[in-house]
file protein.txt (compact mmCIF, C-alpha atoms and all ligand atoms)
# COMPACT_ATOMS: atom_id res chain seq x y z
CA MET O 1 -183.70 91.63 116.15
CA THR O 2 -181.27 93.84 118.06
CA TYR O 3 -179.44 96.70 116.41
CA THR O 4 -175.82 97.63 116.99
CA SER O 5 -174.50 101.11 117.88
CA SER O 6 -173.93 103.66 115.10
CA THR O 7 -170.47 104.18 116.60
CA VAL O 8 -169.65 100.49 116.16
CA ARG O 9 -170.90 100.02 112.59
CA VAL O 10 -172.16 102.56 110.04
CA PRO O 11 -175.89 101.87 109.65
CA ASP O 12 -177.69 101.74 106.32
CA VAL O 13 -179.32 105.05 105.44
CA ALA O 14 -182.57 105.36 103.49
CA THR O 15 -184.34 108.41 102.05
CA VAL O 16 -187.16 108.03 104.54
CA PRO O 17 -186.02 107.83 108.17
CA GLN O 18 -186.51 104.34 109.56
CA HIS O 19 -186.92 105.75 113.06
CA ILE O 20 -188.20 109.19 114.12
CA ALA O 21 -188.08 110.35 117.75
CA ILE O 22 -190.11 113.39 118.79
CA ILE O 23 -190.22 115.70 121.79
CA MET O 24 -193.79 117.02 121.66
CA ASP O 25 -193.28 120.47 123.17
CA GLY O 26 -195.45 123.59 123.26
CA ASN O 27 -198.78 122.21 124.50
CA GLY O 28 -198.93 124.68 127.40
CA ARG O 29 -198.05 127.70 125.28
CA TRP O 30 -200.54 126.65 122.59
CA ALA O 31 -203.27 126.70 125.24
CA THR O 32 -202.11 129.90 126.94
CA GLN O 33 -202.14 131.75 123.59
CA ARG O 34 -205.83 130.83 123.36
CA ARG O 35 -206.55 131.77 126.99
CA LEU O 36 -207.22 128.12 127.75
CA PRO O 37 -205.85 126.12 130.69
CA ARG O 38 -202.50 124.44 129.92
CA VAL O 39 -204.10 121.00 130.04
CA ALA O 40 -206.28 121.89 127.03
CA GLY O 41 -203.03 121.91 125.06
CA HIS O 42 -202.22 118.38 126.22
CA ALA O 43 -205.72 117.23 125.20
CA ARG O 44 -205.21 118.70 121.72
CA GLY O 45 -201.77 117.12 121.70
CA VAL O 46 -203.42 113.70 121.52
CA ASP O 47 -205.01 114.70 118.18
CA ALA O 48 -201.56 115.65 116.89
CA VAL O 49 -200.24 112.27 118.05
CA ARG O 50 -202.96 110.52 116.01
CA THR O 51 -202.22 112.66 112.91
CA THR O 52 -198.46 112.07 113.21
CA VAL O 53 -198.80 108.30 113.66
CA GLU O 54 -200.99 108.12 110.54
CA ALA O 55 -198.63 110.33 108.51
CA CYS O 56 -195.56 108.32 109.57
CA ALA O 57 -197.23 105.01 108.71
CA ARG O 58 -198.15 106.39 105.27
CA ALA O 59 -194.60 107.68 104.70
CA GLY O 60 -193.11 104.25 105.47
CA VAL O 61 -191.46 105.16 108.78
CA GLU O 62 -190.97 101.92 110.74
CA TYR O 63 -190.40 103.27 114.27
CA LEU O 64 -191.93 106.37 115.84
CA THR O 65 -190.96 107.24 119.40
CA LEU O 66 -192.81 109.96 121.32
CA PHE O 67 -191.66 111.52 124.60
CA ALA O 68 -194.98 111.71 126.48
CA PHE O 69 -193.78 112.08 130.07
CA SER O 70 -190.21 112.52 131.25
CA SER O 71 -188.75 111.42 134.56
CA GLU O 72 -188.54 115.15 135.36
CA ASN O 73 -192.20 115.89 134.51
CA TRP O 74 -193.24 114.75 138.03
CA ARG O 75 -191.97 118.19 139.08
CA ARG O 76 -195.02 119.82 137.44
CA PRO O 77 -198.06 120.93 139.47
CA ASP O 78 -199.98 117.93 140.87
CA ASP O 79 -203.15 118.70 138.92
CA GLU O 80 -201.25 118.80 135.60
CA VAL O 81 -199.51 115.49 136.38
CA SER O 82 -202.89 113.90 137.27
CA PHE O 83 -204.42 115.25 134.07
CA LEU O 84 -201.58 113.78 131.99
CA MET O 85 -202.04 110.38 133.69
CA ARG O 86 -205.80 110.42 132.98
CA LEU O 87 -205.14 111.47 129.39
CA PHE O 88 -202.72 108.60 128.97
CA VAL O 89 -205.29 106.11 130.30
CA THR O 90 -208.06 107.51 128.08
CA ALA O 91 -205.79 107.49 125.02
CA LEU O 92 -204.81 103.88 125.71
CA GLU O 93 -208.44 102.83 126.15
CA ARG O 94 -209.66 104.66 123.04
CA GLU O 95 -206.82 104.33 120.55
CA VAL O 96 -205.37 100.83 120.96
CA GLY O 97 -208.12 99.19 118.88
CA LYS O 98 -207.43 101.64 116.03
CA LEU O 99 -203.69 101.11 116.27
CA HIS O 100 -204.21 97.35 116.11
CA ALA O 101 -206.58 97.60 113.13
CA ASN O 102 -203.90 99.57 111.29
CA GLY O 103 -201.09 97.10 111.92
CA ILE O 104 -199.31 99.30 114.47
CA ARG O 105 -197.40 97.83 117.39
CA LEU O 106 -197.46 99.79 120.64
CA ARG O 107 -194.62 99.70 123.13
CA VAL O 108 -194.10 101.80 126.24
CA VAL O 109 -190.63 102.44 127.66
CA GLY O 110 -189.67 104.05 130.96
CA ASP O 111 -189.71 103.30 134.67
CA LEU O 112 -193.27 102.00 134.66
CA ALA O 113 -193.12 100.87 138.31
CA MET O 114 -193.89 104.49 139.21
CA PHE O 115 -197.33 104.30 137.57
CA ASP O 116 -200.61 103.06 139.10
CA LYS O 117 -201.21 99.33 138.76
CA ARG O 118 -204.21 100.11 136.51
CA ILE O 119 -202.00 101.99 134.06
CA GLN O 120 -199.38 99.23 134.14
CA ASP O 121 -202.07 96.63 133.36
CA LEU O 122 -203.49 98.72 130.50
CA ILE O 123 -200.00 99.07 129.02
CA ALA O 124 -199.31 95.34 129.31
CA ARG O 125 -202.64 94.49 127.63
CA ALA O 126 -202.08 97.02 124.82
CA GLU O 127 -198.56 95.75 124.19
CA ALA O 128 -199.74 92.12 124.13
CA LYS O 129 -202.67 92.87 121.81
CA THR O 130 -200.47 94.63 119.23
CA ALA O 131 -197.34 92.48 119.66
CA ARG O 132 -197.51 90.82 116.26
CA ASN O 133 -198.06 94.02 114.23
CA THR O 134 -195.21 95.00 111.93
CA ARG O 135 -196.25 98.08 109.91
CA LEU O 136 -194.99 100.64 112.43
CA THR O 137 -193.76 100.38 116.01
CA LEU O 138 -195.08 103.29 118.07
CA THR O 139 -193.10 103.71 121.27
CA ILE O 140 -194.39 105.97 124.01
CA ALA O 141 -191.66 107.07 126.41
CA ALA O 142 -193.39 107.48 129.77
CA ASN O 143 -191.54 108.27 132.99
CA TYR O 144 -188.55 107.87 130.73
CA GLY O 145 -185.17 109.55 131.15
CA GLY O 146 -182.05 108.97 129.08
CA ARG O 147 -179.92 108.79 132.22
CA TRP O 148 -182.36 106.35 133.85
CA ASP O 149 -182.05 104.19 130.73
CA ILE O 150 -178.24 104.26 130.78
CA MET O 151 -178.21 103.40 134.49
CA GLN O 152 -180.69 100.52 134.21
CA ALA O 153 -178.81 99.09 131.23
CA THR O 154 -175.52 99.41 133.15
CA ARG O 155 -176.97 97.53 136.12
CA LYS O 156 -178.13 94.68 133.88
CA LEU O 157 -174.81 94.49 132.07
CA VAL O 158 -172.81 94.55 135.30
CA GLU O 159 -174.97 91.80 136.80
CA GLN O 160 -174.36 89.73 133.68
CA SER O 161 -170.67 90.44 133.08
CA VAL O 162 -168.58 91.66 135.97
CA PHE O 163 -169.97 89.35 138.60
CA ALA O 164 -169.37 86.53 136.17
CA GLY O 165 -165.75 87.71 135.86
CA GLN O 166 -166.13 88.92 132.28
CA ALA O 167 -165.42 92.64 132.51
CA ALA O 168 -163.83 92.57 129.04
CA ASP O 169 -167.25 91.75 127.61
CA ILE O 170 -168.51 95.24 128.49
CA SER O 171 -168.66 96.70 124.99
CA GLU O 172 -170.88 99.32 123.33
CA ALA O 173 -172.84 96.64 121.51
CA ALA O 174 -173.32 94.55 124.66
CA PHE O 175 -174.43 97.64 126.58
CA ALA O 176 -176.89 98.78 123.90
CA GLN O 177 -178.69 95.43 124.11
CA HIS O 178 -179.86 96.37 127.61
CA LEU O 179 -181.25 99.80 126.73
CA ALA O 180 -185.03 100.10 126.96
CA MET O 181 -185.28 100.44 123.17
CA ALA O 182 -182.81 97.74 122.15
CA TYR O 183 -185.52 96.46 119.81
CA ALA O 184 -185.26 99.54 117.56
CA PRO O 185 -182.50 101.06 115.43
CA GLU O 186 -181.15 104.38 116.70
CA PRO O 187 -183.31 107.31 115.55
CA ASP O 188 -182.42 108.73 112.14
CA LEU O 189 -184.38 111.91 112.79
CA PHE O 190 -185.11 113.74 116.05
CA ILE O 191 -187.84 116.38 115.98
CA ARG O 192 -188.57 118.87 118.75
CA THR O 193 -191.54 121.18 118.39
CA GLY O 194 -192.22 124.35 120.39
CA GLY O 195 -189.07 126.31 119.57
CA GLU O 196 -186.74 124.99 122.30
CA GLN O 197 -183.48 123.40 121.17
CA ARG O 198 -182.69 120.81 123.84
CA ILE O 199 -182.61 117.02 124.19
CA SER O 200 -184.14 117.22 127.70
CA ASN O 201 -182.82 113.84 128.86
CA PHE O 202 -184.49 111.96 125.98
CA LEU O 203 -182.62 109.13 124.22
CA LEU O 204 -179.14 110.26 125.28
CA TRP O 205 -177.27 107.19 124.08
CA GLN O 206 -179.22 106.62 120.89
CA LEU O 207 -179.09 110.22 119.57
CA ALA O 208 -175.30 110.07 119.01
CA TYR O 209 -175.59 110.30 115.19
CA THR O 210 -179.23 111.33 114.80
CA GLU O 211 -180.15 114.31 112.58
CA PHE O 212 -181.84 117.06 114.61
CA TYR O 213 -184.79 119.13 113.42
CA PHE O 214 -186.26 121.95 115.51
CA THR O 215 -189.47 123.75 114.65
CA ASP O 216 -191.30 126.65 116.32
CA ILE O 217 -194.66 124.95 115.67
CA PHE O 218 -196.41 124.08 118.94
CA TRP O 219 -197.14 120.35 119.21
CA PRO O 220 -200.97 120.62 118.92
CA ASP O 221 -200.44 122.33 115.52
CA PHE O 222 -198.02 119.68 114.23
CA ASP O 223 -199.63 117.96 111.25
CA GLY O 224 -198.89 116.06 108.06
CA ALA O 225 -197.51 119.18 106.34
CA ALA O 226 -195.18 119.87 109.27
CA LEU O 227 -193.96 116.27 109.15
CA GLU O 228 -193.37 116.63 105.39
CA GLN O 229 -191.12 119.64 106.07
CA ALA O 230 -189.12 117.68 108.62
CA LEU O 231 -188.78 114.76 106.20
CA ALA O 232 -187.68 117.11 103.40
CA SER O 233 -185.03 118.59 105.69
CA TYR O 234 -183.84 115.08 106.57
CA THR O 235 -183.60 114.05 102.91
CA GLY O 236 -181.24 116.96 102.25
CA ARG O 237 -178.78 115.95 104.99
CA GLU O 238 -175.47 114.21 104.38
CA ARG O 239 -175.06 111.51 107.02
CA ARG O 240 -171.36 110.88 107.32
CA PHE O 241 -171.05 109.03 110.64
CA GLY O 242 -167.54 110.38 111.07
CA ARG O 243 -166.46 109.88 107.45
CA THR O 244 -165.64 112.58 104.89
CA SER O 245 -167.94 113.68 102.06
CA ALA O 246 -165.55 112.16 99.52
CA GLN O 247 -165.96 108.76 101.12
CA LEU O 248 -169.69 108.95 100.45
CA GLU O 249 -169.23 109.35 96.67
CA PRO O 250 -170.66 106.30 94.82
CA GLN O 251 -167.20 105.11 93.67
CA ALA O 252 -166.01 105.15 97.28
CA GLN O 253 -168.89 103.04 98.55
CA ASN O 254 -167.14 99.72 97.99
CA VAL O 255 -164.04 100.51 100.05
CA ASP O 256 -163.89 99.37 103.65
CA PRO O 257 -165.07 102.11 106.02
CA LEU O 258 -162.31 103.63 108.11
CA PRO O 259 -162.65 103.44 111.88
CA CYS O 260 -164.07 106.76 113.09
C1 LIG G 1 -194.70 119.24 126.60
O1 LIG G 1 -195.38 120.45 126.40
C2 LIG G 1 -195.66 118.12 126.59
C3 LIG G 1 -195.78 117.19 127.58
C4 LIG G 1 -194.97 117.17 128.79
C5 LIG G 1 -196.81 116.14 127.51
C6 LIG G 1 -197.01 115.53 126.16
C7 LIG G 1 -198.31 114.83 126.13
C8 LIG G 1 -199.14 114.77 125.05
C9 LIG G 1 -198.79 115.33 123.73
C10 LIG G 1 -200.46 114.15 125.14
C11 LIG G 1 -200.46 112.74 125.56
C12 LIG G 1 -199.74 111.82 124.67
C13 LIG G 1 -200.02 110.52 124.52
C14 LIG G 1 -199.08 109.67 123.77
C15 LIG G 1 -201.23 109.89 125.08
P1 LIG G 1 -195.33 121.54 127.56
O2 LIG G 1 -196.44 121.29 128.51
O3 LIG G 1 -193.97 121.55 128.19
O4 LIG G 1 -195.57 122.87 126.75
P2 LIG G 1 -194.95 124.30 127.10
O5 LIG G 1 -193.46 124.21 126.87
O6 LIG G 1 -195.62 125.19 126.10
O7 LIG G 1 -195.31 124.62 128.52
call {"tool": "encode", "arguments": {"input": "protein.txt", "output": "structure tokens", "more": "lines below"}}
Ligand code: FPP
result
Amino acid sequence: MTYTSSTVRVPDVATVPQHIAIIMDGNGRWATQRRLPRVAGHARGVDAVRTTVEACARAGVEYLTLFAFSSENWRRPDDEVSFLMRLFVTALEREVGKLHANGIRLRVVGDLAMFDKRIQDLIARAEAKTARNTRLTLTIAANYGGRWDIMQATRKLVEQSVFAGQAADISEAAFAQHLAMAYAPEPDLFIRTGGEQRISNFLLWQLAYTEFYFTDIFWPDFDGAALEQALASYTGRERRFGRTSAQLEPQAQNVDPLPC
């Protein structure tokens, strides 16, 4: 199934977000506060990933997308980048069996050609093993950048349309089908831990109508209670997608939505 853009058609909204996207920030500061090396924060971050996946599955969230390594994270010190790569490999080796046993599908999005062949093979095997699971789709964004995604989708669309003399076919919906996460609805809720209030080149296209939630909690401390708070905040939001509050009243629900 492919989902259309929120700017093309107003999506259905449920009390529990169907898709949550998270920037897991604050690992380094968590470690520094404890006089530990920064990488100790990343290691503890894996525990928070496990806790969050479990809590989302229990809450009925269908898609959880985690920004594990951005296209700009290569700029970090070499030893930190190497540690993150090793951590990713270890997590894949150790956790995929558990994900599978719990009905969770794993997908990895990003420019994976930049990773070692061994990592690429591990990813392919993990994706294949969990491909038929439907309870929750866990997407790890690795060497992912929102601008990279828009560019790669543009290239695919141009190859398909313009060279075939069909420039008029370049629409939002046609474009969105080429994005790395075309298989998922746009996020309902975006969470960033660690106190910063930025998108940092995450899902630039897909966050157009997403509700944002920022918390000062460092990622290694993010747990079920912290997720509950984010979900409670989400439940209290009015998602208008360009419409007015009055249009959202029950009696107004049957009228055709106005273009926005
Ligand atoms: C940002 O915190 C975190 C990262 C760049 C890496 C995130 C990785 C993990 C949580 C562990 C691995 C995850 C998986 C899915 C295997 P930061 O280092 O920028 O923290 P700071 O802002 O305090 O310096």
call {"tool": "residues_near_point", "arguments": {"input": "protein.txt", "point": "(-168.0, 95.9, 130.6)", "cutoff": "12 Å", "atoms": "all atoms listed in the file", "output": "ChimeraX atom specification"}}
result
/O:153-176
call {"tool": "axis_aligned_box", "arguments": {"input": "protein.txt", "around": "stretch 52-58 of chain O", "padding_each_side": "8 Å", "output": "lines of an AutoDock Vina configuration file"}}
result
center_x = -198.3
center_y = 108.5
center_z = 109.5
size_x = 21.4
size_y = 23.1
size_z = 24.4
call {"tool": "residues_near_ligand", "arguments": {"input": "protein.txt", "ligand": "ligand LIG 1 (chain G)", "cutoff": "7 Å", "atoms": "all atoms listed in the file", "output": "list in words"}}
result
Met24, Asp25, Gly26, Asn27, Gly28, Arg29, Trp30, Arg38, His42, Ala43, Gly45, Val46, Val49, Leu66, Phe67, Ala68, Phe69, Asn73, Leu84, Leu87, Phe88, Ala91, Ile140, Gly194 and Trp219 of chain O
call {"tool": "closest_residue", "arguments": {"input": "protein.txt", "among": "O:Tyr209, O:Trp148, O:Phe202, O:Phe115", "to": "O:Gly242", "atoms": "all atoms listed in the file"}}
result
O:Tyr209
call {"tool": "atom_distance", "arguments": {"input": "protein.txt", "atom1": "atom CA of O:Leu189", "atom2": "atom CA of O:Asn143"}}
result
21.7 Å
call {"tool": "atom_distance", "arguments": {"input": "protein.txt", "atom1": "atom CA of O:Glu211", "atom2": "atom CA of O:Asp12"}}
result
14.3 Å
call {"tool": "atom_distance", "arguments": {"input": "protein.txt", "atom1": "atom CA of O:Leu227", "atom2": "atom CA of O:Gly110"}}
result
25.4 Å
call {"tool": "closest_residue", "arguments": {"input": "protein.txt", "among": "O:Leu136, O:Ala21, O:Met114, O:Ala142", "to": "O:Arg58", "atoms": "all atoms listed in the file"}}
result
O:Leu136
call {"tool": "closest_residue", "arguments": {"input": "protein.txt", "among": "O:Asn133, O:Thr210, O:Gln229, O:Thr7", "to": "O:Arg243", "atoms": "only C-alpha atoms"}}
result
O:Thr7
call {"tool": "residues_around", "arguments": {"input": "protein.txt", "residues": "O:Arg118", "least_positions_apart": "4", "cutoff": "9 Å", "atoms": "only C-alpha atoms", "output": "PyMOL selection string"}}
result
chain O and resi 89+122-123
call {"tool": "closest_residue", "arguments": {"input": "protein.txt", "among": "O:Arg75, O:Arg107, O:Arg135, O:Arg86", "to": "O:Ile119", "atoms": "only C-alpha atoms"}}
result
O:Arg86
call {"tool": "residues_near_point", "arguments": {"input": "protein.txt", "point": "(-207.6, 94.5, 122.5)", "cutoff": "8 Å", "atoms": "all atoms listed in the file", "output": "number ranges by chain"}}
result
O: 96-97, 100, 125-126, 129-130
call {"tool": "residues_around", "arguments": {"input": "protein.txt", "residues": "O:Phe190", "least_positions_apart": "4", "cutoff": "9 Å", "atoms": "all atoms listed in the file", "output": "JSON list (two decimals) with C-alpha atoms, in the coordinates of the input"}}
result
[["chain", "number", "residue", "atom", "x", "y", "z"],
["O", 19, "HIS", "CA", -186.92, 105.75, 113.06],
["O", 20, "ILE", "CA", -188.20, 109.19, 114.12],
["O", 21, "ALA", "CA", -188.08, 110.35, 117.75],
["O", 22, "ILE", "CA", -190.11, 113.39, 118.79],
["O", 23, "ILE", "CA", -190.22, 115.70, 121.79],
["O", 207, "LEU", "CA", -179.09, 110.22, 119.57],
["O", 210, "THR", "CA", -179.23, 111.33, 114.80],
["O", 211, "GLU", "CA", -180.15, 114.31, 112.58],
["O", 212, "PHE", "CA", -181.84, 117.06, 114.61],
["O", 213, "TYR", "CA", -184.79, 119.13, 113.42],
["O", 214, "PHE", "CA", -186.26, 121.95, 115.51]]
call {"tool": "closest_residue", "arguments": {"input": "protein.txt", "among": "O:Thr134, O:Ser71, O:Ser6, O:Thr52", "to": "O:Ala230", "atoms": "all atoms listed in the file"}}
result
O:Thr52
call {"tool": "closest_residue", "arguments": {"input": "protein.txt", "among": "O:Arg239, O:Pro37, O:Ala57, O:Glu95", "to": "O:Phe83", "atoms": "all atoms listed in the file"}}
result
O:Pro37
call {"tool": "residues_around", "arguments": {"input": "protein.txt", "residues": "O:Gln18", "least_positions_apart": "3", "cutoff": "9 Å", "atoms": "only C-alpha atoms", "output": "PyMOL selection string"}}
result
chain O and resi 13-15+60-64+185-189
call {"tool": "residues_around", "arguments": {"input": "protein.txt", "residues": "O:Glu72", "least_positions_apart": "4", "cutoff": "9 Å", "atoms": "only C-alpha atoms", "output": "JSON, numbers by chain"}}
result
{"O": [76, 143, 144, 145, 201]}
call {"tool": "decode", "arguments": {"input": "protein.txt", "residues": "stretch 113-124 of chain O", "atoms": "all heavy atoms", "output": "PDB file, in the first residue's frame"}}
result
ATOM      1  N   ALA O 113      24.477   2.491   0.424  1.00  0.00           N
ATOM      2  CA  ALA O 113      25.695   2.189  -0.351  1.00  0.00           C
ATOM      3  C   ALA O 113      26.947   2.674   0.369  1.00  0.00           C
ATOM      4  O   ALA O 113      28.045   2.187   0.117  1.00  0.00           O
ATOM      5  CB  ALA O 113      25.591   2.831  -1.730  1.00  0.00           C
ATOM      6  N   MET O 114      26.776   3.619   1.279  1.00  0.00           N
ATOM      7  CA  MET O 114      27.920   4.163   2.026  1.00  0.00           C
ATOM      8  C   MET O 114      28.401   3.222   3.136  1.00  0.00           C
ATOM      9  O   MET O 114      29.447   3.437   3.738  1.00  0.00           O
ATOM     10  CB  MET O 114      27.548   5.510   2.659  1.00  0.00           C
ATOM     11  CG  MET O 114      27.275   6.615   1.664  1.00  0.00           C
ATOM     12  SD  MET O 114      28.797   7.327   1.039  1.00  0.00           S
ATOM     13  CE  MET O 114      29.327   8.290   2.462  1.00  0.00           C
ATOM     14  N   PHE O 115      27.608   2.214   3.470  1.00  0.00           N
ATOM     15  CA  PHE O 115      27.979   1.307   4.555  1.00  0.00           C
ATOM     16  C   PHE O 115      28.800   0.126   4.047  1.00  0.00           C
ATOM     17  O   PHE O 115      28.721  -0.247   2.876  1.00  0.00           O
ATOM     18  CB  PHE O 115      26.723   0.772   5.252  1.00  0.00           C
ATOM     19  CG  PHE O 115      25.982   1.816   6.045  1.00  0.00           C
ATOM     20  CD1 PHE O 115      24.686   2.151   5.737  1.00  0.00           C
ATOM     21  CD2 PHE O 115      26.601   2.469   7.110  1.00  0.00           C
ATOM     22  CE1 PHE O 115      24.007   3.121   6.467  1.00  0.00           C
ATOM     23  CE2 PHE O 115      25.938   3.437   7.840  1.00  0.00           C
ATOM     24  CZ  PHE O 115      24.639   3.758   7.514  1.00  0.00           C
ATOM     25  N   ASP O 116      29.573  -0.500   4.978  1.00  0.00           N
ATOM     26  CA  ASP O 116      30.317  -1.720   4.642  1.00  0.00           C
ATOM     27  C   ASP O 116      29.358  -2.758   4.077  1.00  0.00           C
ATOM     28  O   ASP O 116      28.204  -2.844   4.494  1.00  0.00           O
ATOM     29  CB  ASP O 116      30.928  -2.345   5.913  1.00  0.00           C
ATOM     30  CG  ASP O 116      32.120  -1.550   6.384  1.00  0.00           C
ATOM     31  OD1 ASP O 116      32.537  -0.622   5.669  1.00  0.00           O
ATOM     32  OD2 ASP O 116      32.612  -1.878   7.477  1.00  0.00           O
ATOM     33  N   LYS O 117      29.924  -3.621   3.211  1.00  0.00           N
ATOM     34  CA  LYS O 117      29.127  -4.702   2.616  1.00  0.00           C
ATOM     35  C   LYS O 117      28.502  -5.570   3.713  1.00  0.00           C
ATOM     36  O   LYS O 117      27.356  -6.005   3.604  1.00  0.00           O
ATOM     37  CB  LYS O 117      30.059  -5.522   1.711  1.00  0.00           C
ATOM     38  CG  LYS O 117      29.447  -6.730   1.066  1.00  0.00           C
ATOM     39  CD  LYS O 117      28.729  -6.378  -0.238  1.00  0.00           C
ATOM     40  CE  LYS O 117      28.271  -7.593  -1.016  1.00  0.00           C
ATOM     41  NZ  LYS O 117      27.403  -8.519  -0.307  1.00  0.00           N
ATOM     42  N   ARG O 118      29.268  -5.803   4.800  1.00  0.00           N
ATOM     43  CA  ARG O 118      28.781  -6.668   5.882  1.00  0.00           C
ATOM     44  C   ARG O 118      27.505  -6.078   6.498  1.00  0.00           C
ATOM     45  O   ARG O 118      26.534  -6.792   6.776  1.00  0.00           O
ATOM     46  CB  ARG O 118      29.885  -6.787   6.944  1.00  0.00           C
ATOM     47  CG  ARG O 118      29.476  -7.606   8.119  1.00  0.00           C
ATOM     48  CD  ARG O 118      30.641  -7.964   9.018  1.00  0.00           C
ATOM     49  NE  ARG O 118      30.128  -8.524  10.251  1.00  0.00           N
ATOM     50  CZ  ARG O 118      30.366  -8.042  11.460  1.00  0.00           C
ATOM     51  NH1 ARG O 118      31.146  -6.995  11.608  1.00  0.00           N
ATOM     52  NH2 ARG O 118      29.852  -8.610  12.525  1.00  0.00           N
ATOM     53  N   ILE O 119      27.515  -4.767   6.695  1.00  0.00           N
ATOM     54  CA  ILE O 119      26.330  -4.118   7.272  1.00  0.00           C
ATOM     55  C   ILE O 119      25.169  -4.197   6.287  1.00  0.00           C
ATOM     56  O   ILE O 119      24.031  -4.506   6.664  1.00  0.00           O
ATOM     57  CB  ILE O 119      26.632  -2.645   7.647  1.00  0.00           C
ATOM     58  CG1 ILE O 119      27.749  -2.582   8.678  1.00  0.00           C
ATOM     59  CG2 ILE O 119      25.384  -1.942   8.139  1.00  0.00           C
ATOM     60  CD1 ILE O 119      28.056  -1.204   9.223  1.00  0.00           C
ATOM     61  N   GLN O 120      25.467  -3.971   5.007  1.00  0.00           N
ATOM     62  CA  GLN O 120      24.399  -4.035   3.993  1.00  0.00           C
ATOM     63  C   GLN O 120      23.768  -5.427   3.960  1.00  0.00           C
ATOM     64  O   GLN O 120      22.549  -5.568   3.853  1.00  0.00           O
ATOM     65  CB  GLN O 120      24.964  -3.682   2.614  1.00  0.00           C
ATOM     66  CG  GLN O 120      25.387  -2.221   2.487  1.00  0.00           C
ATOM     67  CD  GLN O 120      25.876  -1.905   1.075  1.00  0.00           C
ATOM     68  OE1 GLN O 120      25.331  -2.378   0.091  1.00  0.00           O
ATOM     69  NE2 GLN O 120      26.929  -1.108   0.989  1.00  0.00           N
ATOM     70  N   ASP O 121      24.625  -6.466   4.073  1.00  0.00           N
ATOM     71  CA  ASP O 121      24.105  -7.843   4.056  1.00  0.00           C
ATOM     72  C   ASP O 121      23.245  -8.125   5.283  1.00  0.00           C
ATOM     73  O   ASP O 121      22.185  -8.754   5.188  1.00  0.00           O
ATOM     74  CB  ASP O 121      25.262  -8.858   4.005  1.00  0.00           C
ATOM     75  CG  ASP O 121      25.941  -8.848   2.647  1.00  0.00           C
ATOM     76  OD1 ASP O 121      25.369  -8.255   1.706  1.00  0.00           O
ATOM     77  OD2 ASP O 121      27.045  -9.402   2.535  1.00  0.00           O
ATOM     78  N   LEU O 122      23.727  -7.656   6.454  1.00  0.00           N
ATOM     79  CA  LEU O 122      22.959  -7.855   7.692  1.00  0.00           C
ATOM     80  C   LEU O 122      21.585  -7.212   7.581  1.00  0.00           C
ATOM     81  O   LEU O 122      20.570  -7.785   7.983  1.00  0.00           O
ATOM     82  CB  LEU O 122      23.703  -7.192   8.861  1.00  0.00           C
ATOM     83  CG  LEU O 122      24.616  -8.041   9.728  1.00  0.00           C
ATOM     84  CD1 LEU O 122      25.323  -7.161  10.737  1.00  0.00           C
ATOM     85  CD2 LEU O 122      23.809  -9.135  10.449  1.00  0.00           C
ATOM     86  N   ILE O 123      21.565  -5.998   7.036  1.00  0.00           N
ATOM     87  CA  ILE O 123      20.300  -5.264   6.872  1.00  0.00           C
ATOM     88  C   ILE O 123      19.368  -6.042   5.949  1.00  0.00           C
ATOM     89  O   ILE O 123      18.192  -6.256   6.264  1.00  0.00           O
ATOM     90  CB  ILE O 123      20.562  -3.839   6.309  1.00  0.00           C
ATOM     91  CG1 ILE O 123      21.265  -2.974   7.359  1.00  0.00           C
ATOM     92  CG2 ILE O 123      19.257  -3.179   5.849  1.00  0.00           C
ATOM     93  CD1 ILE O 123      21.775  -1.636   6.836  1.00  0.00           C
ATOM     94  N   ALA O 124      19.914  -6.499   4.815  1.00  0.00           N
ATOM     95  CA  ALA O 124      19.080  -7.222   3.843  1.00  0.00           C
ATOM     96  C   ALA O 124      18.496  -8.479   4.482  1.00  0.00           C
ATOM     97  O   ALA O 124      17.307  -8.795   4.290  1.00  0.00           O
ATOM     98  CB  ALA O 124      19.904  -7.559   2.606  1.00  0.00           C
TER      99      ALA O 124
END
